[in-house]
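Content type compact mmCIF, C-alpha atoms, from the file work.txt:
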# COMPACT_ATOMS: atom_id res chain seq x y z
CA MET N 261 10.06 -1.65 19.40
CA ILE N 262 8.67 -2.12 15.89
CA GLU N 263 6.81 -5.19 17.19
CA VAL N 264 5.16 -3.05 19.89
CA ILE N 265 4.04 -0.46 17.36
CA ILE N 266 2.60 -3.15 15.09
CA LEU N 267 0.93 -4.80 18.10
CA ALA N 268 -0.50 -1.41 19.13
CA ILE N 269 -1.93 -0.82 15.66
CA ALA N 270 -3.44 -4.31 15.54
CA LEU N 271 -5.00 -3.98 19.00
CA SER N 272 -6.37 -0.55 18.06
CA MET N 273 -8.40 -1.98 15.18
CA ASP N 274 -11.31 -3.16 17.36
CA ALA N 275 -11.68 0.30 18.88
CA PHE N 276 -11.17 1.88 15.44
CA ALA N 277 -13.96 -0.24 13.94
CA VAL N 278 -16.36 0.56 16.78
CA SER N 279 -15.42 4.25 16.53
CA ILE N 280 -16.26 4.28 12.82
CA GLY N 281 -19.69 2.85 13.64
CA LEU N 282 -20.22 5.41 16.38
CA GLY N 283 -19.25 8.28 14.10
CA ALA N 284 -21.52 7.05 11.31
CA LYS N 285 -24.47 6.82 13.71
CA HIS N 286 -23.84 10.13 15.52
CA LYS N 287 -22.66 12.52 12.80
CA ASP N 288 -24.15 15.55 14.51
CA LYS N 289 -21.77 15.38 17.49
CA ALA N 290 -18.70 13.79 15.93
CA MET N 291 -16.07 16.07 17.49
CA SER N 292 -17.19 15.63 21.10
CA LEU N 293 -17.83 11.90 20.56
CA ALA N 294 -14.35 11.53 19.00
CA PHE N 295 -12.77 12.95 22.16
CA ILE N 296 -14.88 10.77 24.50
CA ALA N 297 -14.25 7.60 22.46
CA ALA N 298 -10.52 8.34 22.25
CA ILE N 299 -10.25 8.79 26.03
CA TYR N 300 -12.24 5.68 26.91
CA PHE N 301 -10.76 3.36 24.29
CA GLY N 302 -7.19 4.67 24.69
CA LEU N 303 -7.28 4.36 28.48
CA PHE N 304 -8.66 0.83 28.53
CA GLN N 305 -6.49 -0.41 25.65
CA GLY N 306 -3.47 0.92 27.56
CA ILE N 307 -4.39 -0.60 30.93
CA MET N 308 -5.60 -4.04 29.83
CA PRO N 309 -2.32 -5.25 28.25
CA LEU N 310 -0.56 -4.25 31.47
CA LEU N 311 -2.96 -6.49 33.42
CA GLY N 312 -2.26 -9.30 30.94
CA TYR N 313 1.48 -8.71 31.28
CA ILE N 314 1.30 -8.81 35.10
CA GLY N 315 -0.74 -12.01 34.99
CA GLY N 316 1.59 -13.52 32.42
CA LYS N 317 4.68 -12.53 34.40
CA SER N 318 3.35 -14.24 37.51
CA LEU N 319 2.68 -17.42 35.52
CA LEU N 320 5.89 -17.19 33.51
CA GLY N 321 7.94 -19.11 36.08
CA LEU N 322 5.56 -22.04 35.80
CA LEU N 323 5.18 -21.85 32.04
CA ALA N 324 8.54 -20.42 30.92
CA SER N 325 9.29 -23.19 28.43
CA TYR N 326 5.86 -22.75 26.84
CA ALA N 327 5.72 -18.92 26.87
CA SER N 328 6.26 -18.52 23.11
CA TRP N 329 3.59 -21.12 22.34
CA ILE N 330 1.13 -19.52 24.76
CA ALA N 331 1.75 -16.06 23.30
CA PHE N 332 1.32 -17.47 19.80
CA LEU N 333 -1.92 -19.27 20.68
CA LEU N 334 -3.40 -16.22 22.41
CA LEU N 335 -2.56 -13.90 19.51
CA PHE N 336 -3.77 -16.48 16.99
CA ILE N 337 -7.09 -16.95 18.80
CA ILE N 338 -7.58 -13.19 19.21
CA GLY N 339 -6.76 -12.66 15.53
CA ILE N 340 -9.22 -15.34 14.39
CA LYS N 341 -11.86 -13.87 16.72
CA MET N 342 -11.35 -10.39 15.24
CA ILE N 343 -11.64 -11.73 11.70
CA TYR N 344 -14.76 -13.73 12.61
CA GLU N 345 -16.37 -10.73 14.32
CA SER N 346 -15.74 -8.59 11.25
CA PHE N 347 -18.37 -10.65 9.44
CA GLU N 348 -21.00 -10.24 12.16
CA THR N 349 -23.35 -7.28 12.36
CA ASN N 350 -22.03 -4.55 14.62
CA ASN N 351 -24.09 -3.65 17.69
CA ALA N 352 -22.40 -0.25 17.96
CA ASP N 353 -24.58 0.92 15.07
CA ASP N 354 -27.68 0.15 17.12
CA ILE N 355 -26.70 2.38 20.04
CA ALA N 356 -29.10 5.30 20.06
CA LYS N 357 -27.71 7.33 22.96
CA ILE N 358 -24.08 7.53 23.95
CA THR N 359 -23.69 7.65 27.73
CA HIS N 360 -20.63 7.13 29.92
CA ARG N 361 -22.02 3.71 30.82
CA VAL N 362 -22.29 2.76 27.14
CA MET N 363 -18.75 4.02 26.48
CA LEU N 364 -17.44 2.09 29.48
CA ILE N 365 -19.05 -1.13 28.22
CA LEU N 366 -17.68 -0.57 24.71
CA ALA N 367 -14.21 0.24 26.06
CA VAL N 368 -14.09 -2.91 28.18
CA ALA N 369 -15.50 -5.06 25.37
CA THR N 370 -12.94 -3.81 22.83
CA SER N 371 -10.01 -4.14 25.25
CA ILE N 372 -10.52 -7.67 26.61
CA ASP N 373 -8.44 -8.94 23.69
CA ALA N 374 -5.69 -6.50 24.65
CA MET N 375 -5.48 -8.07 28.10
CA ALA N 376 -4.86 -11.49 26.57
CA ALA N 377 -2.38 -9.98 24.12
CA GLY N 378 -0.56 -8.40 27.07
CA PHE N 379 0.81 -11.84 27.86
CA SER N 380 2.86 -11.61 24.66
CA LEU N 381 4.75 -8.67 26.21
CA THR N 382 6.40 -11.18 28.56
CA VAL N 383 8.27 -12.71 25.62
CA LEU N 384 9.19 -9.44 23.90
CA ALA N 385 12.26 -7.50 25.00
CA VAL N 386 10.41 -4.27 25.76
CA ASP N 387 9.50 -2.21 28.80
CA PRO N 388 5.85 -3.16 29.46
CA LEU N 389 4.91 0.32 30.70
CA ILE N 390 6.22 1.94 27.53
CA ALA N 391 4.54 -0.74 25.41
CA CYS N 392 1.18 -0.20 27.15
CA PHE N 393 1.56 3.57 26.81
CA ILE N 394 2.16 3.15 23.07
CA VAL N 395 -0.91 0.88 22.78
CA GLY N 396 -3.03 3.43 24.66
CA ILE N 397 -1.81 6.42 22.62
CA MET N 398 -2.17 4.56 19.33
CA THR N 399 -5.72 3.54 20.26
CA PHE N 400 -6.50 7.11 21.32
CA PHE N 401 -5.58 8.41 17.87
CA PHE N 402 -7.22 5.56 15.95
CA SER N 403 -10.44 6.02 17.95
CA TRP N 404 -10.45 9.78 17.40
CA PHE N 405 -9.84 9.33 13.69
CA GLY N 406 -12.39 6.48 13.49
CA VAL N 407 -15.26 8.60 14.81
CA ILE N 408 -14.38 11.48 12.45
CA MET N 409 -14.01 9.09 9.51
CA GLY N 410 -17.28 7.32 10.34
CA ALA N 411 -19.12 10.64 10.51
CA ARG N 412 -17.79 11.60 7.07
CA THR N 413 -17.81 8.32 5.16
CA GLY N 414 -20.09 5.87 6.92
CA THR N 415 -19.15 2.32 7.89
CA TRP N 416 -17.53 0.94 4.71
CA LEU N 417 -14.09 0.62 6.39
CA GLU N 418 -15.31 -0.89 9.66
CA THR N 419 -14.98 -4.62 8.81
CA LYS N 420 -11.76 -4.13 6.85
CA ALA N 421 -10.09 -2.62 9.93
CA GLU N 422 -11.02 -5.64 12.07
CA ILE N 423 -9.77 -8.08 9.43
CA LEU N 424 -6.46 -6.19 9.15
CA GLY N 425 -6.07 -6.17 12.93
CA GLY N 426 -6.80 -9.90 13.17
CA VAL N 427 -4.35 -10.85 10.43
CA THR N 428 -1.66 -8.65 11.99
CA LEU N 429 -2.08 -10.28 15.41
CA ILE N 430 -1.79 -13.74 13.83
CA LEU N 431 1.41 -12.70 12.04
CA ILE N 432 2.89 -11.29 15.27
CA GLY N 433 2.04 -14.61 16.94
CA PHE N 434 3.92 -16.52 14.25
CA LYS N 435 6.91 -14.19 14.59
CA ILE N 436 7.04 -14.78 18.35
CA LEU N 437 6.80 -18.52 17.82
CA LEU N 438 9.59 -18.55 15.24
CA SER N 439 11.93 -16.22 17.22
As structure tokens:
Amino acid sequence: MIEVIILAIALSMDAFAVSIGLGAKHKDKAMSLAFIAAIYFGLFQGIMPLLGYIGGKSLLGLLASYASWIAFLLLFIIGIKMIYESFETNNADDIAKITHRVMLILAVATSIDAMAAGFSLTVLAVDPLIACFIVGIMTFFFSWFGVIMGARTGTWLETKAEILGGVTLILIGFKILLS
């Protein structure tokens, strides 16, 4: 279960980083934005790994002997992508008006990685529903906290969160490969 909690924290870092940017840009309505971001990001981060798990489970029979390698490669690629993206400029800072459509796009964009990471649940000895619930709840709280933190401190932590999340996913991938 420790692996699931670490995975949940790592997957939450994208949403956390975006939430910091949103809070920094929209300080005047941080509390309501924190709730909206937490709902959107938490919901999508909880659902997407389940979709990845279901897809991975259906392919597992065909790829059973390679499951650890596939999980490792997916987590490694996602981790590298998160680290790479931490050095790019963030488009969330450029969003002038927060609408449900904007939040939906941001939620999907930050949770695509979680769908790919959901495949790794097929090689962990955990209940996938509980794991996805933990990912969703963890993301909910990180998103809430990210908006509040961004409103108070600005964006100085934004890239560090993405780097930490990327490194953590890579380490989880190595652990799965070596297990």
Taking all atoms listed in the file into account, produce a table as JSON lines in which each residue of region 278-353 of chain N with an atom at most 9 Å from an atom of region 363-371 of chain N appears once, together with its shortest atom pair and the distance in Å to one decimal, ordered by chain and rising number.
{"residue": "N:Val278", "atom": "CA", "partner": "N:Leu366", "partner_atom": "CA", "distance": 8.1}
{"residue": "N:Ile296", "atom": "CA", "partner": "N:Met363", "partner_atom": "CA", "distance": 8.0}
{"residue": "N:Ala297", "atom": "CA", "partner": "N:Met363", "partner_atom": "CA", "distance": 7.0}
{"residue": "N:Tyr300", "atom": "CA", "partner": "N:Ala367", "partner_atom": "CA", "distance": 5.8}
{"residue": "N:Phe301", "atom": "CA", "partner": "N:Ala367", "partner_atom": "CA", "distance": 5.0}
{"residue": "N:Gly302", "atom": "CA", "partner": "N:Ala367", "partner_atom": "CA", "distance": 8.4}
{"residue": "N:Leu303", "atom": "CA", "partner": "N:Ala367", "partner_atom": "CA", "distance": 8.4}
{"residue": "N:Phe304", "atom": "CA", "partner": "N:Ala367", "partner_atom": "CA", "distance": 6.1}
{"residue": "N:Gln305", "atom": "CA", "partner": "N:Ser371", "partner_atom": "CA", "distance": 5.1}
{"residue": "N:Gly306", "atom": "CA", "partner": "N:Ser371", "partner_atom": "CA", "distance": 8.6}
{"residue": "N:Ile307", "atom": "CA", "partner": "N:Ser371", "partner_atom": "CA", "distance": 8.7}
{"residue": "N:Met308", "atom": "CA", "partner": "N:Ser371", "partner_atom": "CA", "distance": 6.4}
{"residue": "N:Pro309", "atom": "CA", "partner": "N:Ser371", "partner_atom": "CA", "distance": 8.3}
{"residue": "N:Ala352", "atom": "CA", "partner": "N:Leu366", "partner_atom": "CA", "distance": 8.2}
Please work out which residues fall within 9 Å of (-1.1, -0.1, 16.4), coordinates as given in the file, with only C-alpha atoms counting, and return them as a PyMOL selection string.
chain N and resi 264-273+394-395+398-399+402+425
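Counting all atoms listed in the file, the residue from N:Leu417, N:Leu335, N:Ile430, N:Ile330 that sits nearest to Phe276 (chain N) is N:Leu417.
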Select, from N:Ala331, N:Val407, N:Leu282, N:Met375, the residue with the minimum atom-to-atom distance to Cys392 (chain N), counting all atoms listed in the file.
N:Met375
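Distance check against Gly378 (chain N) using all atoms listed in the file: of N:Met342, N:Ala391, N:Ala277, N:Thr419, the minimum falls on N:Ala391.
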With a distance cut-off of 12 Å and all atoms listed in the file, select the neighbouring residues of Leu293 (chain N), excluding the residue or stretch itself and same-chain residues fewer than 3 positions from it, and output the selection as a short mmCIF file (atom, residue, chain, number, x, y, z; two decimals) with C-alpha atoms, in the frame of the given file.
data_model
loop_
_atom_site.label_atom_id
_atom_site.label_comp_id
_atom_site.auth_asym_id
_atom_site.auth_seq_id
_atom_site.Cartn_x
_atom_site.Cartn_y
_atom_site.Cartn_z
CA SER N 279 -15.42 4.25 16.53
CA ILE N 280 -16.26 4.28 12.82
CA GLY N 281 -19.69 2.85 13.64
CA LEU N 282 -20.22 5.41 16.38
CA GLY N 283 -19.25 8.28 14.10
CA ALA N 284 -21.52 7.05 11.31
CA LYS N 285 -24.47 6.82 13.71
CA HIS N 286 -23.84 10.13 15.52
CA LYS N 287 -22.66 12.52 12.80
CA ASP N 288 -24.15 15.55 14.51
CA LYS N 289 -21.77 15.38 17.49
CA ALA N 290 -18.70 13.79 15.93
CA ILE N 296 -14.88 10.77 24.50
CA ALA N 297 -14.25 7.60 22.46
CA ALA N 298 -10.52 8.34 22.25
CA ILE N 299 -10.25 8.79 26.03
CA TYR N 300 -12.24 5.68 26.91
CA PHE N 301 -10.76 3.36 24.29
CA LYS N 357 -27.71 7.33 22.96
CA ILE N 358 -24.08 7.53 23.95
CA THR N 359 -23.69 7.65 27.73
CA HIS N 360 -20.63 7.13 29.92
CA MET N 363 -18.75 4.02 26.48
CA SER N 403 -10.44 6.02 17.95
CA TRP N 404 -10.45 9.78 17.40
CA PHE N 405 -9.84 9.33 13.69
CA GLY N 406 -12.39 6.48 13.49
CA VAL N 407 -15.26 8.60 14.81
CA ILE N 408 -14.38 11.48 12.45
CA GLY N 410 -17.28 7.32 10.34
CA ALA N 411 -19.12 10.64 10.51
#
From the list N:Asp274, N:Ala377, N:Leu319, N:Leu389, the nearest residue to Ile338 (chain N) using only C-alpha atoms is N:Ala377
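Taking all atoms listed in the file into account, Gly433 (chain N) lies nearest to N:Phe379 out of the set N:Phe400, N:Phe379, N:Trp416, N:Phe393.
CA of Ala294 (chain N) is positioned 14.5 Å from CA of Gly414 (chain N).
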Axis-aligned box for all listed atoms of region 286-303 of chain N, 4 Å per side, centre and edges in Å to one decimal, as AutoDock Vina command-line options:
--center_x -15.7 --center_y 9.7 --center_z 20.6 --size_x 25.0 --size_y 20.7 --size_z 23.7
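Excluding Ile423 (chain N) itself and any same-chain residue fewer than 6 positions from it, the protein and nucleic acid residues within 9 Å of it, counting only C-alpha atoms, are Met273, Gly339, Ile340, Met342, Ile343, Tyr344, Glu345, Ser346 and Phe347 of chain N.
We find CA of Leu381 (chain N) and CA of Tyr313 (chain N) to be spaced 6.0 Å apart.
In this structure, CA of Ile390 (chain N) sits 14.9 Å away from CA of Ala374 (chain N).
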